[in-house]
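Accompanying notes for the structure given below.
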Amino acid sequence: MYKLGIDVGGTNTDAVLIDENLNVIASVKQHTSENIYDGILDAVRAVLSESGVDRAEIGQAMLGTTQCTNAIVERKNLAPIGILRIGAPASRGIPPMVDWAEDLQAIAVKTAVVGGGFEYDGKEIAPFDRAAAKAFFGELKAEGIMSVAISCVFSTVRSDHEMEAAKLCREIMGDDVHVSVSSEIGSMGLIERENATILNAALYKVARSFTEGFAQSLVDEGITNAEVYLSQNDGTLMTMEYARRYPILTIACGPTNSIRGASYLSAQKNAVVIDVGGTTTDLGVIQNGFPRESGVAVTIGGVRTNFRMPDVVSIGLGGGSIVREKEDGTVTVGPDSVGYRITEKALVFGGDTCTATDIAVRLGMTDLGDKSLVAHLDEAFAKKAMDAIRALCEDSIDAMKVSSEDVDVILVGGGSIVLPEDLAGAKSVTKHAHGGVANAIGSAISKVSGTYEQLIDYNETPREEALAKARAEAIELAVAAGAIRKTVEIIDAEDVPLQYYPGNTARVKIKAAGDLK
Amino acid sequence: MRKIGIHEIEDIALGAALLGAGGGGDPYVGKLVAIGAVKECGPVTLLDPSEVPDDALVVPIAMMGAPTVLGEKAIGGDEYKTLYDTVSTFYGKPIYAFMPIEAGGVNSMLPIAAAARLGLPLVDCDGMGRAFPELQMVTFTIGGGSATPMALVDEKGNSCIFRTVTNKWTEELARSVTMACGGSVSVSLYAMEGKFMKEYGVHGIVSRSERLGSAIRKVKEVTDTTPEEAFLSITEGFRLFKGKIADVLREVRGGFNFGKVVLDGIGDYKGQQAFVEFQNENLTANVNGELLATTPDLICLVDTETFTPVPTDALKYGKRVMVIGLKCFPLWRTEEGLNLVGPRYFGVDTDYIPLEERCKGGNGHV
């Protein structure tokens, strides 16, 4: 049985084939095509012919894709939606989308803020105004809207008003309507959570087309025995059905996959991962085998959100970064790059632009293209350029650290040839032969998870007993989703007391993840 | 008299983050509250203090409670009408205008929303010229003004008005009501007559916030000088240090965030060391063992590239920051002012020496 991992990035589409023991059998890197399915098909064909593996033996196929990000940034294929917020009389002072760009605001056909919501301790601000919600859903139905975003004040503490509204929405608008619920998407901070929920709702058509498109392109290629999954941005997989409900969770799965792939290749669970592409370099942190999450609000296409995202810093440095000497003798590298045109522009490929790759070849760090074409470069100039690259890198490593202690560093990505292997602040620097396709590997080795969430009264069930039961339930859910039991670990646990709720009630949320069978 | 709309609010919020001097709370939610009100009710008239009649009732507006609660419940919108009714009934006369009590942080924004929703003007004046952590730390205290009668209202429509015997009682009662109402309430305090506001208030502070915000936003556009020089010149800031955050020490005591951030010099300051101590807001800046600035002068940390203010809760190892000093409002430099907000009040054992004198011939320069 083989696993097929695919990562569709802005520049490249990578594919890898991995065997049962997670050894990399074959890997390819292709340019991302305008129609991404052609690119996926090309990559799949290439990796199959390189490996000679029988396509019937591919049991799992995983896709990581940037399409949701692109849809938001480019304002393409977003669906018209309705927005219901529960929380009046609170929160009305900030209507939904109040600071969004006008072109993006246009996705909301109708908006309503109705009575309901909770205080910080779980007490009701007001009873849920069913009648108002019902009338609103009726109006949406009449307009032909097929997707609804529902948010609620303090739904991170109690989600019952949101859930009741979601049920009502389906009753009135039909089971085909897409419903996004804020407590399942974001964290504390109503506006940011609601923003993420609105984007999620607007992405439902994009999600349907990429899930169906991926499945179809595999079938077209004769891969008919594979279970198909999509990568989430926390390093776990989701089924096609789940991806259709929560497309926004695919955003930033690229950096996550590359961080996890790097961790797997180097067998390190704690390190700074540097993924060098053609134009930019992403730095992230692997912590106990999973990417460190960002603690600050994340902006997607100009919209401030707070749903979980890997903590990634991007700098303008890559294999194609343009190297220049200024009049005063200083040498600069990037932030502009020749990008994917490196094979025609770089000196070693017979081009006319001095790039970071040319510097690496001149200094004998790598052998690429025709090295005689860079022999004329002054060594002092090349060394100055390498110093600039090193400084950019070392500063960024430092910015990712949480203390002044040295850290282990893993270099991956197609452009990692331009980085020196001795870096200040690094305890060790690891590179791997398959580092160029770390993201596709990360996609292929992603785990499956199960989340258990329940309100528990500790007066009825003692806390320790209740948490133990919740952990066991989460593990069962992960196993049911396809995880190998002995590999399942608890990756996230929350236990929030609800002061004003009857009894001694807490909201317990446990997430367990393990390797896919 | 002029109008402030959404564009001005964006700049005022950015300037308010700087005037927060490390504290004051993120103006983001406040900004959305102000934008929401202006979108619904139209732009707000900003009055120069001199345009306010001496006997007019001027009421500062703020929020009390936890910023995380404000981030969930925001503002209902009707609170300001309830405040208006409560306060004008109490005083037996109409409110002429609203004003901010502090120009730094989230409270810079809420009076704009109040003014928009009630169709009243906003006065270009506050009681701090920055942000401070305690109720009595306003210039109006120097003039004998009192925080009470203080009105508190929540989004559900509950309201009350306090008359208390001491500021400590005001804090105590206000805290209980705030928690009972769900952790964040809208308040009016230090209600005053126009004459008193003109005598003791910090004039022109809303306009100053706007200028500062606009300068930060446009700093990359300058061509005749470096962005840093342009930033220092517009803010009239003293550059005290530039460095990388090497350590952040924090402690929560009695509801305040205490701490210290240690910086290793970069650029011109390579090899040098500095630290900034804070209690919600930044209190002192110490460069190479020498005090270069203390409260009540403003000590602000800004990003070395974008010049956006870095509040104390966003301090993080490895971040590159510039430390700047801004002169405080002159009234804070008097004996009464220093008794309220001088270094010794905050437990820093040093006399207050104005920023510009401490920096003379030393490390900092304009």
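Naming scheme: A, B, ... for chains in displayed order of the structure tokens; residues 1 onward per chain; ligands 1 onward as shown.
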
>> Need to verify the contact set: range 147-158 of chain B, 8 Å, only C-alpha atoms, exclusion of same-chain residues closer than 3 positions in sequence. Can you return it as an NGL selection string?
In response: (:A and (89-90 or 125)) or (:B and (75-79 or 82-83 or 86-87 or 135-136 or 161-164 or 167 or 170 or 174 or 181 or 184-191))

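Residue neighbourhood of Lys326 in chain A, excluding near-sequence residues (fewer than 4 positions): Thr330, Val331, Thr332, Val333, Phe381, Lys384 and Ala385 of chain A, at 12 Å, using only C-alpha atoms.
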
> range 5-143 of chain A: which residues are alpha helix (DSSP H) by DSSP, as a VMD selection string?
Replying inline: chain A and resid 36 to 51 67 to 73 102 to 105 130 to 143

> chain A residues within 6 Å of chain B, counting only C-alpha atoms: which ones, as a list of chain:residue names?
Replying inline: A:Pro89, A:Ala90, A:Ser91, A:Arg92, A:Gly93, A:Ile94, A:Glu119, A:Val153, A:Gly189, A:Leu190, A:Asp398, A:Ala399, A:Val402

> Near range 393-395 of chain A, within 8 Å and counting only C-alpha atoms, which residues show up once chain neighbours fewer than 3 positions away are dropped, as an MDAnalysis selection string?
Replying inline: chainID A and resid 389:390 398:399 423:425

Dump of C-alpha atoms for the selected residues, as a CSV table (one decimal), in the first residue's frame:
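And here's again-v1.csv as it stands now:
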chain,number,residue,atom,x,y,z
A,389,ILE,CA,22.0,36.0,3.0
A,390,ARG,CA,23.4,34.7,6.3
A,398,ASP,CA,16.4,34.9,16.2
A,399,ALA,CA,13.0,36.3,15.8
A,423,LEU,CA,24.3,29.7,11.3
A,424,ALA,CA,24.6,31.7,14.5
A,425,GLY,CA,21.9,30.8,17.0

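Nearest to Arg308 in chain A of all the residues A:Thr353, A:Asn233, A:Ser372, A:Ser321 is A:Asn233, based on only C-alpha atoms.
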
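Between Val38 in chain B and the residues B:Leu232, B:Val52, B:Ala16, B:Met109, the shortest atom-to-atom distance, using only C-alpha atoms, involves B:Met109.
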